[in-house]
file my_file00.txt (compact mmCIF, C-alpha atoms)
# COMPACT_ATOMS: atom_id res chain seq x y z
CA ILE R 1 95.90 90.54 135.41
CA ASN R 2 98.08 92.48 133.02
CA GLN R 3 101.78 92.41 132.31
CA GLN R 4 104.06 94.74 134.27
CA SER R 5 104.64 98.04 132.48
CA PRO R 6 107.76 98.12 130.27
CA GLU R 7 109.08 101.21 132.11
CA ILE R 8 109.00 99.51 135.52
CA ASN R 9 110.41 96.29 134.10
CA ALA R 10 113.30 98.17 132.44
CA SER R 11 114.29 100.01 135.63
CA VAL R 12 114.20 96.84 137.74
CA PHE R 13 116.13 94.88 135.09
CA LYS R 14 118.75 97.64 134.89
CA ALA R 15 119.06 97.75 138.69
CA ASN R 16 119.54 93.97 138.80
CA GLN R 17 122.37 94.18 136.24
CA THR R 18 124.18 96.93 138.18
CA GLY R 19 123.80 95.14 141.50
CA ASP R 20 121.54 97.77 143.07
CA GLU R 21 119.75 95.49 145.53
CA ASP R 22 117.71 98.37 147.00
CA GLN R 23 115.87 99.09 143.75
CA GLY R 24 112.16 98.20 144.01
CA ALA R 25 109.56 97.59 141.35
CA GLY R 26 107.62 100.74 142.24
CA ASP R 27 104.26 99.23 141.40
CA GLN R 28 102.90 98.33 144.82
CA GLY R 29 99.20 98.58 145.43
CA LEU R 30 96.21 97.18 147.22
CA MET R 31 93.09 95.74 145.69
CA LEU R 32 89.92 94.80 147.52
CA GLY R 33 87.23 92.88 145.72
CA TYR R 34 84.09 93.17 147.80
CA ALA R 35 81.71 95.61 149.43
CA THR R 36 80.52 95.37 153.02
CA ASP R 37 78.15 97.22 155.32
CA GLU R 38 80.79 97.57 158.07
CA THR R 39 81.32 101.22 157.12
CA ALA R 40 79.41 104.01 155.38
CA THR R 41 81.88 103.80 152.46
CA LEU R 42 81.00 100.11 151.96
CA MET R 43 84.67 99.23 152.39
CA PRO R 44 86.04 96.83 155.04
CA LEU R 45 86.64 98.42 158.44
CA SER R 46 90.37 97.62 158.38
CA TYR R 47 90.75 99.41 155.03
CA GLU R 48 88.76 102.45 156.15
CA LEU R 49 90.70 102.81 159.42
CA ALA R 50 94.04 102.51 157.59
CA ARG R 51 92.91 105.07 155.01
CA GLN R 52 91.89 107.51 157.76
CA LEU R 53 95.31 107.11 159.41
CA ALA R 54 96.99 107.89 156.07
CA VAL R 55 94.85 111.01 155.66
CA GLN R 56 95.79 112.12 159.18
CA LEU R 57 99.48 111.59 158.40
CA LYS R 58 99.11 113.77 155.30
CA ASN R 59 97.30 116.48 157.29
CA SER R 60 99.98 116.37 160.01
CA ARG R 61 102.74 116.65 157.41
CA GLU R 62 101.05 119.70 155.92
CA GLY R 63 100.41 121.15 159.39
CA ASP R 64 102.37 121.02 162.61
CA VAL R 65 104.64 118.02 161.86
CA PRO R 66 106.60 119.27 158.82
CA TRP R 67 109.43 116.72 159.26
CA LEU R 68 107.15 113.90 158.02
CA ARG R 69 107.84 112.95 154.40
CA PRO R 70 105.20 111.81 151.89
CA ASP R 71 106.12 108.11 151.71
CA ALA R 72 104.01 106.38 154.37
CA LYS R 73 102.20 103.09 154.85
CA THR R 74 99.39 102.14 157.23
CA GLN R 75 97.87 98.79 158.15
CA VAL R 76 95.07 97.91 160.55
CA THR R 77 94.13 94.37 161.58
CA VAL R 78 90.60 93.79 162.83
CA GLU R 79 89.33 90.72 164.70
CA TYR R 80 85.90 89.42 163.68
CA GLU R 81 83.42 87.04 165.25
CA TYR R 82 80.17 85.43 164.15
CA ASP R 83 77.14 87.31 165.42
CA ASP R 84 74.99 84.19 165.49
CA HIS R 85 75.41 80.44 165.84
CA ASN R 86 74.91 79.59 162.16
CA ASN R 87 78.57 80.21 161.25
CA ILE R 88 77.56 82.04 158.09
CA LYS R 89 80.33 84.28 156.74
CA SER R 90 77.90 87.08 155.93
CA ASN R 91 77.17 87.31 159.67
CA LEU R 92 80.71 88.30 160.69
CA LYS R 93 81.03 91.46 162.74
CA PRO R 94 84.13 93.41 163.77
CA VAL R 95 84.99 92.99 167.46
CA ARG R 96 88.24 94.89 168.02
CA VAL R 97 91.35 96.26 166.41
CA THR R 98 94.25 93.90 167.18
CA CYS R 99 97.12 95.69 165.44
CA VAL R 100 97.91 99.15 164.05
CA LEU R 101 101.05 99.66 162.00
CA ILE R 102 102.25 103.03 160.71
CA SER R 103 105.49 103.44 158.80
CA THR R 104 106.49 106.87 157.51
CA GLN R 105 109.49 108.46 155.94
CA HIS R 106 110.86 111.41 157.94
CA ASP R 107 113.66 113.92 158.02
CA GLY R 108 116.73 112.45 159.68
call {"tool": "encode", "arguments": {"input": "my_file00.txt", "output": "structure tokens"}}
result
Amino acid sequence: INQQSPEINASVFKANQTGDEDQGAGDQGLMLGYATDETATLMPLSYELARQLAVQLKNSREGDVPWLRPDAKTQVTVEYEYDDHNNIKSNLKPVRVTCVLISTQHDG
């Protein structure tokens, strides 16, 4: 873990002093620390599905839905179950998608 960049820190500090409550840090991200055989990309199924939704949003924005803006977020929740009776974590398998969330900026 590294310290927040001085540029981000300065803009957030400045926003806090001026009372701009809507100013964010601008350094959001997602990190995953394991590989899995759930998908061909060796990434978790929930990550891969969310990534594919984000790609589709980008393609739609560049195609027939021009009112979509580039700031978008996707999230997919997947339910897992054990595929045997040994309750070994490596034997988890995806069963179903329980939640899909898409948030996108758009022209008003």
call {"tool": "residues_around", "arguments": {"input": "my_file00.txt", "residues": "range 50-52 of chain R", "least_positions_apart": "4", "cutoff": "9 Å", "atoms": "only C-alpha atoms", "output": "list in words"}}
result
Leu45, Ser46, Gln56, Leu57, Lys73, Thr74, Gln75, Val76, Val100, Leu101 and Ile102 of chain R
call {"tool": "closest_residue", "arguments": {"input": "my_file00.txt", "among": "R:Gly108, R:Ala35, R:Val78, R:Tyr47", "to": "Arg96 in chain R", "atoms": "only C-alpha atoms"}}
result
R:Val78
call {"tool": "atom_distance", "arguments": {"input": "my_file00.txt", "atom1": "CA of Pro94 in chain R", "atom2": "CA of Glu38 in chain R"}}
result
7.8 Å
call {"tool": "residues_around", "arguments": {"input": "my_file00.txt", "residues": "Ala72 in chain R", "least_positions_apart": "6", "cutoff": "7 Å", "atoms": "only C-alpha atoms", "output": "list in words"}}
result
Ser103, Thr104 and Gln105 of chain R
call {"tool": "closest_residue", "arguments": {"input": "my_file00.txt", "among": "R:Ala40, R:Pro70, R:Thr98, R:Asp84", "to": "Ala54 in chain R", "atoms": "only C-alpha atoms"}}
result
R:Pro70
call {"tool": "atom_distance", "arguments": {"input": "my_file00.txt", "atom1": "CA of Leu92 in chain R", "atom2": "CA of Thr77 in chain R"}}
result
14.8 Å
call {"tool": "atom_distance", "arguments": {"input": "my_file00.txt", "atom1": "CA of Cys99 in chain R", "atom2": "CA of Leu49 in chain R"}}
result
11.3 Å
call {"tool": "residues_around", "arguments": {"input": "my_file00.txt", "residues": "Tyr34 in chain R", "least_positions_apart": "4", "cutoff": "12 Å", "atoms": "only C-alpha atoms", "output": "JSON, numbers by chain"}}
result
{"R": [38, 41, 42, 43, 44, 47, 90]}
call {"tool": "write_last_selection", "arguments": {"input": "my_file00.txt", "atoms": "C-alpha atoms", "output": "compact mmCIF listing (two decimals), in the coordinates of the input"}}
result
# COMPACT_ATOMS: atom_id res chain seq x y z
CA GLU R 38 80.79 97.57 158.07
CA THR R 41 81.88 103.80 152.46
CA LEU R 42 81.00 100.11 151.96
CA MET R 43 84.67 99.23 152.39
CA PRO R 44 86.04 96.83 155.04
CA TYR R 47 90.75 99.41 155.03
CA SER R 90 77.90 87.08 155.93
call {"tool": "closest_residue", "arguments": {"input": "my_file00.txt", "among": "R:His106, R:Ala10, R:Thr36, R:Gln3", "to": "Asn91 in chain R", "atoms": "only C-alpha atoms"}}
result
R:Thr36
